[in-house]
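Printed here is entry_12.cif (mmCIF, C-alpha atoms):
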data_structure
#
loop_
_atom_site.label_atom_id
_atom_site.label_comp_id
_atom_site.auth_asym_id
_atom_site.auth_seq_id
_atom_site.Cartn_x
_atom_site.Cartn_y
_atom_site.Cartn_z
CA MET K 1 78.85 163.37 287.28
CA SER K 2 76.07 164.31 284.90
CA THR K 3 76.07 168.00 285.76
CA GLN K 4 79.10 168.70 283.60
CA ASN K 5 76.94 168.26 280.46
CA LEU K 6 73.84 169.88 281.92
CA LEU K 7 72.26 172.50 279.70
CA ALA K 8 69.20 174.60 280.59
CA VAL K 9 66.12 173.92 278.42
CA GLU K 10 63.76 176.82 277.78
CA LEU K 11 60.40 176.02 279.37
CA PRO K 12 58.26 176.20 276.18
CA LYS K 13 60.43 173.38 274.83
CA ALA K 14 60.49 171.28 278.00
CA TYR K 15 57.62 169.11 276.67
CA ARG K 16 60.04 167.73 274.08
CA LEU K 17 61.96 166.00 276.86
CA LEU K 18 58.88 163.81 277.48
CA ASN K 19 57.18 163.85 274.08
CA HIS K 20 58.61 160.53 272.89
CA GLY K 21 57.14 158.77 275.92
CA PRO K 22 60.15 157.72 277.98
CA THR K 23 59.87 156.02 281.35
CA VAL K 24 60.77 158.61 284.00
CA LEU K 25 62.15 158.73 287.50
CA VAL K 26 60.08 160.79 289.94
CA SER K 27 62.02 162.32 292.83
CA ALA K 28 60.89 164.36 295.82
CA GLN K 29 62.09 165.63 299.17
CA HIS K 30 60.47 166.79 302.40
CA GLU K 31 62.87 168.16 305.00
CA GLN K 32 65.74 165.61 304.95
CA ASP K 33 63.68 162.72 303.58
CA THR K 34 64.10 161.86 299.90
CA ASP K 35 62.77 159.18 297.54
CA VAL K 36 62.90 158.29 293.88
CA MET K 37 60.54 155.97 291.99
CA ALA K 38 60.23 154.87 288.38
CA ALA K 39 57.02 155.73 286.51
CA ALA K 40 55.88 154.97 282.98
CA TRP K 41 52.75 157.11 283.29
CA ALA K 42 54.07 160.65 282.91
CA CYS K 43 53.04 162.97 280.10
CA ALA K 44 53.16 166.55 278.89
CA LEU K 45 49.90 168.44 279.52
CA GLU K 46 50.45 171.98 278.23
CA LEU K 47 53.07 173.83 276.18
CA THR K 48 52.91 177.31 277.73
CA PRO K 49 52.96 177.54 280.66
CA ALA K 50 54.68 174.15 280.60
CA LYS K 51 52.73 171.55 282.58
CA VAL K 52 53.00 167.79 283.04
CA THR K 53 50.96 164.94 284.52
CA VAL K 54 52.25 161.95 286.46
CA VAL K 55 50.40 159.08 288.12
CA LEU K 56 51.66 158.40 291.67
CA ASP K 57 50.18 155.45 293.51
CA LYS K 58 49.03 155.98 297.11
CA SER K 59 51.35 153.18 298.26
CA THR K 60 54.52 155.08 297.35
CA LYS K 61 56.77 157.05 299.65
CA THR K 62 57.56 159.40 296.76
CA ARG K 63 53.90 160.44 296.62
CA GLN K 64 53.91 161.22 300.33
CA LEU K 65 56.95 163.49 299.86
CA VAL K 66 55.32 165.20 296.86
CA GLU K 67 52.20 165.89 298.94
CA GLN K 68 54.28 167.19 301.87
CA SER K 69 56.58 169.43 299.84
CA GLY K 70 54.45 170.45 296.87
CA TYR K 71 57.29 169.74 294.44
CA PHE K 72 58.65 166.87 292.37
CA ALA K 73 61.15 166.32 289.60
CA LEU K 74 60.63 164.15 286.53
CA GLN K 75 63.83 162.94 284.97
CA VAL K 76 64.56 160.82 281.92
CA PRO K 77 66.88 157.92 282.74
CA CYS K 78 68.98 156.11 280.15
CA PHE K 79 70.21 152.64 279.20
CA ALA K 80 73.27 152.94 281.47
CA GLN K 81 70.80 153.09 284.40
CA LEU K 82 68.60 150.14 283.34
CA ASP K 83 68.96 147.99 286.47
CA MET K 84 68.71 150.99 288.80
CA VAL K 85 65.51 152.16 287.10
CA HIS K 86 63.89 148.76 287.47
CA GLN K 87 64.92 148.53 291.13
CA LEU K 88 63.60 152.04 291.85
CA GLY K 89 60.27 150.93 290.37
CA THR K 90 59.96 147.69 292.35
CA ILE K 91 61.39 148.49 295.82
CA SER K 92 59.40 150.68 298.24
CA LYS K 93 61.21 153.00 300.60
CA PHE K 94 58.50 152.24 303.18
CA ASP K 95 59.83 148.65 303.31
CA HIS K 96 63.49 149.48 302.61
CA PRO K 97 64.60 152.75 304.22
CA ASP K 98 68.03 152.32 302.56
CA LYS K 99 66.42 152.07 299.09
CA LEU K 100 68.43 154.87 297.47
CA ALA K 101 71.79 153.63 298.79
CA ASN K 102 70.95 150.06 297.81
CA CYS K 103 69.95 151.18 294.31
CA LYS K 104 73.17 153.27 294.06
CA THR K 105 71.04 156.33 293.30
CA GLU K 106 73.03 159.55 293.67
CA LEU K 107 71.24 162.86 294.04
CA PHE K 108 72.27 166.43 293.26
CA TYR K 109 70.63 169.85 293.48
CA LYS K 110 70.49 172.81 291.11
CA ASP K 111 69.98 176.54 291.52
CA GLY K 112 69.11 176.37 295.22
CA LEU K 113 65.97 174.31 294.56
CA GLU K 114 65.23 171.77 297.33
CA VAL K 115 64.16 169.11 294.85
CA PRO K 116 66.61 166.23 294.51
CA LEU K 117 67.73 165.30 290.99
CA VAL K 118 69.10 161.90 289.98
CA ASP K 119 72.66 161.85 288.71
CA GLY K 120 73.31 160.19 285.36
CA CYS K 121 69.92 160.93 283.78
CA ILE K 122 69.64 162.70 280.41
CA ALA K 123 66.90 165.25 281.23
CA TRP K 124 65.37 166.81 284.34
CA LEU K 125 62.15 168.80 284.88
CA VAL K 126 61.49 170.42 288.26
CA CYS K 127 57.76 170.80 288.85
CA LYS K 128 55.53 172.60 291.37
CA VAL K 129 52.32 170.74 292.15
CA ILE K 130 49.11 172.48 291.04
CA PRO K 131 46.88 171.16 293.82
CA GLU K 132 43.87 169.27 292.45
CA PRO K 133 42.45 167.09 295.24
CA HIS K 134 39.92 165.35 292.97
CA ASN K 135 42.56 164.21 290.47
CA GLN K 136 45.01 163.25 293.21
CA GLN K 137 42.52 161.26 295.27
CA ASN K 138 40.36 159.70 292.56
CA HIS K 139 42.90 159.14 289.80
CA ASP K 140 46.30 159.29 291.58
CA LEU K 141 46.98 161.98 288.96
CA PHE K 142 49.27 164.89 289.85
CA ILE K 143 49.59 167.99 287.68
CA GLY K 144 52.82 169.95 287.87
CA SER K 145 53.90 173.31 286.52
CA VAL K 146 57.45 173.02 285.12
CA ILE K 147 59.62 175.66 286.81
CA ALA K 148 63.06 174.60 285.51
CA ALA K 149 64.42 172.06 283.03
CA TRP K 150 67.81 170.78 281.95
CA ALA K 151 69.13 168.15 279.60
CA ASP K 152 72.41 166.39 278.92
CA SER K 153 73.86 168.28 275.96
CA ARG K 154 75.34 165.09 274.56
CA VAL K 155 71.80 163.95 273.62
CA PHE K 156 69.57 167.06 273.76
CA ARG K 157 70.58 170.48 272.44
CA ASP K 158 69.02 173.28 270.34
CA GLY K 159 65.60 172.05 271.44
CA HIS K 160 66.00 168.56 269.91
CA TRP K 161 67.12 165.09 270.90
CA HIS K 162 70.25 163.83 269.13
CA PHE K 163 70.28 160.17 270.15
CA GLU K 164 71.72 159.15 266.79
CA ASP K 165 75.03 160.94 267.47
CA ALA K 166 75.52 159.63 271.00
CA ASN K 167 76.53 156.49 272.85
CA LYS K 168 73.81 153.84 273.13
CA ASN K 169 74.14 154.05 276.91
CA LEU K 170 72.46 157.48 276.71
CA ARG K 171 69.27 156.26 274.97
CA SER K 172 65.98 156.68 276.84
CA LEU K 173 64.15 153.66 278.30
CA HIS K 174 60.52 152.77 277.53
CA TYR K 175 59.05 150.30 280.00
CA ILE K 176 56.56 147.57 279.17
CA ALA K 177 56.32 145.07 282.07
CA GLY K 178 58.25 142.38 283.94
CA GLY K 179 61.65 144.08 283.66
CA THR K 180 61.35 144.46 279.87
CA PHE K 181 62.11 147.86 278.36
CA TYR K 182 62.70 149.17 274.87
CA LEU K 183 65.40 151.68 274.02
CA ILE K 184 64.41 154.59 271.83
CA GLY K 185 65.49 153.78 268.28
CA GLU K 186 66.10 155.37 264.92
CA GLU K 187 65.18 158.96 264.00
CA VAL K 188 62.78 159.28 261.05
CA LYS K 189 61.33 162.39 259.39
CA ALA K 190 57.93 162.78 257.77
CA GLN K 191 58.11 164.03 254.17
CA LEU K 192 54.67 165.67 254.06
CA MET H 1 43.79 145.20 255.66
CA SER H 2 44.99 145.17 259.24
CA THR H 3 42.03 143.24 260.63
CA GLN H 4 43.38 139.90 259.46
CA ASN H 5 46.06 140.01 262.19
CA LEU H 6 43.82 141.61 264.80
CA LEU H 7 43.92 139.89 268.19
CA ALA H 8 41.84 140.87 271.23
CA VAL H 9 43.88 142.16 274.19
CA GLU H 10 42.53 141.48 277.68
CA LEU H 11 41.68 144.80 279.31
CA PRO H 12 44.02 144.49 282.35
CA LYS H 13 46.90 144.31 279.86
CA ALA H 14 45.68 147.09 277.56
CA TYR H 15 47.98 149.60 279.33
CA ARG H 16 50.93 147.76 277.80
CA LEU H 17 49.87 148.99 274.36
CA LEU H 18 50.64 152.57 275.51
CA ASN H 19 53.24 151.98 278.21
CA HIS H 20 56.26 152.63 276.00
CA GLY H 21 54.92 156.08 275.12
CA PRO H 22 54.02 155.86 271.43
CA THR H 23 52.41 158.69 269.53
CA VAL H 24 48.76 157.75 268.98
CA LEU H 25 45.96 158.48 266.56
CA VAL H 26 42.71 159.60 268.20
CA SER H 27 39.56 158.81 266.25
CA ALA H 28 35.91 159.62 266.92
CA GLN H 29 32.53 159.66 265.23
CA HIS H 30 29.22 161.45 265.78
CA GLU H 31 26.41 160.34 263.51
CA GLN H 32 28.08 160.15 260.07
CA ASP H 33 30.88 162.60 260.87
CA THR H 34 34.33 161.14 261.59
CA ASP H 35 37.79 162.56 262.31
CA VAL H 36 41.23 161.31 263.23
CA MET H 37 44.07 163.34 264.76
CA ALA H 38 47.59 162.53 265.91
CA ALA H 39 48.45 163.05 269.59
CA ALA H 40 51.65 162.58 271.52
CA TRP H 41 50.01 163.30 274.88
CA ALA H 42 48.17 160.08 275.66
CA CYS H 43 48.93 157.92 278.68
CA ALA H 44 47.68 155.02 280.75
CA LEU H 45 45.92 156.13 283.96
CA GLU H 46 44.79 152.94 285.70
CA LEU H 47 45.34 149.20 285.34
CA THR H 48 41.97 147.82 286.47
CA PRO H 49 39.53 149.03 285.39
CA ALA H 50 41.70 150.08 282.46
CA LYS H 51 41.70 153.86 281.99
CA VAL H 52 43.66 156.29 279.82
CA THR H 53 44.16 160.03 279.50
CA VAL H 54 44.52 162.04 276.31
CA VAL H 55 44.95 165.78 275.74
CA LEU H 56 42.59 167.11 273.04
CA ASP H 57 42.92 170.75 272.08
CA LYS H 58 39.73 172.83 271.80
CA SER H 59 40.62 173.72 268.19
CA THR H 60 40.25 170.13 266.95
CA LYS H 61 37.28 168.58 265.19
CA THR H 62 38.14 165.25 266.83
CA ARG H 63 37.49 166.77 270.26
CA GLN H 64 34.10 168.03 269.14
CA LEU H 65 33.17 164.51 268.01
CA VAL H 66 34.42 163.02 271.29
CA GLU H 67 32.28 165.48 273.25
CA GLN H 68 29.24 164.76 271.08
CA SER H 69 29.51 160.97 271.11
CA GLY H 70 31.16 160.23 274.46
CA TYR H 71 33.58 157.78 272.84
CA PHE H 72 37.02 157.79 271.24
CA ALA H 73 39.62 155.29 270.11
CA LEU H 74 43.35 155.53 270.70
CA GLN H 75 45.42 153.58 268.22
CA VAL H 76 49.14 153.04 267.86
CA PRO H 77 50.35 153.84 264.34
CA CYS H 78 53.56 152.47 262.86
CA PHE H 79 56.48 153.45 260.64
CA ALA H 80 54.60 152.45 257.47
CA GLN H 81 52.12 155.26 258.32
CA LEU H 82 54.70 157.98 259.07
CA ASP H 83 53.57 160.58 256.54
CA MET H 84 49.88 159.94 257.23
CA VAL H 85 50.41 160.37 260.99
CA HIS H 86 52.17 163.69 260.51
CA GLN H 87 49.45 164.93 258.13
CA LEU H 88 46.69 163.87 260.55
CA GLY H 89 48.47 165.93 263.23
CA THR H 90 48.89 169.08 261.16
CA ILE H 91 45.71 169.34 259.04
CA SER H 92 42.39 170.33 260.68
CA LYS H 93 39.15 168.87 259.41
CA PHE H 94 37.52 172.24 260.16
CA ASP H 95 39.65 173.74 257.38
CA HIS H 96 39.80 170.64 255.16
CA PRO H 97 36.54 168.65 255.19
CA ASP H 98 38.22 166.02 252.95
CA LYS H 99 41.05 165.53 255.47
CA LEU H 100 40.67 161.75 255.84
CA ALA H 101 40.46 161.10 252.08
CA ASN H 102 43.42 163.42 251.46
CA CYS H 103 45.45 161.66 254.16
CA LYS H 104 44.47 158.24 252.70
CA THR H 105 43.12 157.26 256.12
CA GLU H 106 40.91 154.18 255.94
CA LEU H 107 38.53 153.37 258.76
CA PHE H 108 36.98 150.13 259.93
CA TYR H 109 34.65 149.06 262.74
CA LYS H 110 34.71 146.15 265.21
CA ASP H 111 32.06 144.32 267.21
CA GLY H 112 29.24 146.70 266.36
CA LEU H 113 30.92 149.63 268.10
CA GLU H 114 30.28 152.97 266.40
CA VAL H 115 33.84 154.15 266.98
CA PRO H 116 35.95 154.31 263.81
CA LEU H 117 39.33 152.55 263.88
CA VAL H 118 42.26 153.37 261.59
CA ASP H 119 43.38 150.61 259.27
CA GLY H 120 47.07 149.68 259.31
CA CYS H 121 47.75 150.57 262.96
CA ILE H 122 49.32 148.04 265.34
CA ALA H 123 47.02 148.49 268.38
CA TRP H 124 43.57 149.91 269.08
CA LEU H 125 41.84 150.88 272.36
CA VAL H 126 38.16 151.86 272.30
CA CYS H 127 37.35 154.20 275.19
CA LYS H 128 34.21 155.62 276.79
CA VAL H 129 34.65 159.14 278.13
CA ILE H 130 34.36 159.50 281.91
CA PRO H 131 32.89 163.01 281.96
CA GLU H 132 35.07 165.41 283.96
CA PRO H 133 34.17 168.98 282.97
CA HIS H 134 36.97 170.55 285.03
CA ASN H 135 39.71 168.48 283.40
CA GLN H 136 38.21 168.86 279.94
CA GLN H 137 37.73 172.63 280.14
CA ASN H 138 40.76 173.67 282.18
CA HIS H 139 43.36 171.16 281.01
CA ASP H 140 41.95 169.81 277.69
CA LEU H 141 42.39 166.46 279.47
CA PHE H 142 39.97 163.62 278.69
CA ILE H 143 39.77 160.44 280.76
CA GLY H 144 38.51 157.30 279.07
CA SER H 145 37.55 153.88 280.32
CA VAL H 146 38.93 151.22 277.96
CA ILE H 147 36.04 149.01 276.82
CA ALA H 148 37.81 146.96 274.13
CA ALA H 149 41.36 146.55 272.83
CA TRP H 150 43.07 144.77 269.98
CA ALA H 151 46.59 144.50 268.64
CA ASP H 152 48.31 143.28 265.48
CA SER H 153 49.51 139.79 266.41
CA ARG H 154 52.63 140.25 264.29
CA VAL H 155 53.97 142.71 266.92
CA PHE H 156 51.89 142.17 270.09
CA ARG H 157 50.85 138.78 271.44
CA ASP H 158 50.74 136.98 274.80
CA GLY H 159 50.52 140.38 276.48
CA HIS H 160 53.88 141.61 275.14
CA TRP H 161 55.27 143.58 272.24
CA HIS H 162 57.53 141.62 269.87
CA PHE H 163 58.98 144.40 267.71
CA GLU H 164 62.29 142.57 267.43
CA ASP H 165 60.75 139.72 265.39
CA ALA H 166 58.78 141.91 262.99
CA ASN H 167 59.29 144.15 259.99
CA LYS H 168 60.64 147.62 260.76
CA ASN H 169 57.51 149.07 259.12
CA LEU H 170 55.53 147.84 262.15
CA ARG H 171 57.56 149.75 264.77
CA SER H 172 55.74 152.39 266.81
CA LEU H 173 56.39 156.11 266.25
CA HIS H 174 57.43 158.54 269.00
CA TYR H 175 56.98 162.18 268.00
CA ILE H 176 59.24 165.04 269.01
CA ALA H 177 58.48 168.14 266.88
CA GLY H 178 58.71 169.52 263.35
CA GLY H 179 57.99 166.22 261.59
CA THR H 180 60.73 164.38 263.51
CA PHE H 181 59.84 161.06 265.11
CA TYR H 182 61.81 158.21 266.63
CA LEU H 183 61.00 154.57 266.03
CA ILE H 184 60.92 152.31 269.06
CA GLY H 185 64.23 150.49 269.23
CA GLU H 186 65.93 147.53 270.84
CA GLU H 187 64.41 145.39 273.61
CA VAL H 188 66.48 145.27 276.82
CA LYS H 189 65.83 143.41 280.08
CA ALA H 190 66.76 144.49 283.59
CA GLN H 191 68.82 141.92 285.51
CA LEU H 192 67.77 142.96 289.00
#
Take the structure in the file and write it out as structure tokens.
Amino acid sequence: MSTQNLLAVELPKAYRLLNHGPTVLVSAQHEQDTDVMAAAWACALELTPAKVTVVLDKSTKTRQLVEQSGYFALQVPCFAQLDMVHQLGTISKFDHPDKLANCKTELFYKDGLEVPLVDGCIAWLVCKVIPEPHNQQNHDLFIGSVIAAWADSRVFRDGHWHFEDANKNLRSLHYIAGGTFYLIGEEVKAQL
Amino acid sequence: MSTQNLLAVELPKAYRLLNHGPTVLVSAQHEQDTDVMAAAWACALELTPAKVTVVLDKSTKTRQLVEQSGYFALQVPCFAQLDMVHQLGTISKFDHPDKLANCKTELFYKDGLEVPLVDGCIAWLVCKVIPEPHNQQNHDLFIGSVIAAWADSRVFRDGHWHFEDANKNLRSLHYIAGGTFYLIGEEVKAQL
């Protein structure tokens, strides 16, 4: 259970969870209905107050739940979840109501928030939609205000990722196409 | 000179140049004035017609040139350019008119387009701004339509990245904060 290593991330540093461009899982809930999808098109938008963007296609059940509830979570999955992430990005809950069970996706909740979080990820950002009908309709672009964030302390602590010290299974995934991903690699530091 | 390995990328596959979340360089030109800045907050927005988003702070000279000309280029820099990328992200041309010379940033042009491209990068996307005053003013968010794209054939060909076959110096950079970047790492394939 991932929650045993869960550490709160201060909101002005939440952008660092997404800054290196990982593929994310987007989760949402309306009443008892939940869904999770994979998305490569998520990005930080503002430092303070922390905001993010994510592109959610009109064909997805997750988008419907985001529109109904006004909330979503972005979470950073890791190598251990590779097959699950790809399945969550290719199967639609509209066609497969048992999607989450079939993908072996386990959800948990934090701090009384009714936004489902995916177990086993390495970072989580709970976001409140800032309604922008033009962006949502014309660009499938949703803007969210980050209201809470956590990370797995084995790979993110003191405001920084520490992939180099951790098991390879905890590395973030960076999707290209056709089931091919890259893992995040070596840390390097600019000298100037 | 990077242009010797430059290969055109068909526009419906241009998103793959950004899909793994690399830090980018944003370049622009108005009349004879040019600037280049580093940006971690760039993202694909649409497959066809290919569109991208990029966050450009109001304090940057590059943004001014984008607003004046209506065009920008996103390019994917690589490990060989680490120090230059960090300098381009920390120095403002408003304070240092010789920024590009000081950063040893060399520009080139393709196909008669008056959008400067940075030599030594591994991918380039030339974009025409889709004017959206609300997004630009309220979110510093610019949307661009991709009108041309190229990649370095040593690392991107047949619509896919091939980092694993190439020199480490050609790996993309993924910025976190404080001069710390990650290189893109190992390729992995989902089984399901």
Once the PyMOL selection byres ((chain K) within 7 of (chain H)) has been applied to the shown file, what residues remain in the selection, as an MDAnalysis selection string? chainID K and resid 16 19:22 40:41 43:45 55 82:83 86:87 174:176 179:192
What residues have an atom no more than 12 Å from (61.7, 147.5, 299.6) in the file's own frame, counting only C-alpha atoms, and can you write them as a VMD selection string? chain K and resid 35 37 59 to 61 87 to 103
Which polymer residues, whether protein, DNA or RNA, lie within 6 Å of the coordinate (44.5, 139.5, 271.5) when you count only C-alpha atoms? List them as a PyMOL selection string, using the chain letters and numbers from the file. chain H and resi 7-9+150
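Taking atom CA of K:Ala38 as the reference point, atom CA of H:Ile122 is found at 26.4 Å.
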Can you pull out the residues contacting H:Ala50? Cut-off 10 Å, using all atoms listed in the file, and skip same-chain residues under 5 positions away; I want them as a PyMOL selection string. chain H and resi 10-15+44-45+127+144-148
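The residue set within 7 Å of stretch 70-74 of chain H, counting only C-alpha atoms and dropping same-chain residues fewer than 4 places from it, reads H:Val24, H:Leu25, H:Val26, H:Ser27, H:Ala28, H:Val66, H:Val115, H:Leu117, H:Trp124, H:Leu125, H:Val126, H:Cys127, H:Lys128, H:Val129.
Atom CA of K:Pro131 is positioned 26.6 Å from atom CA of K:Ala151.
If all atoms listed in the file are the atoms counted, then among H:Pro133, H:Cys121, H:Glu67, H:Phe142 the closest residue to H:Arg154 is H:Cys121.
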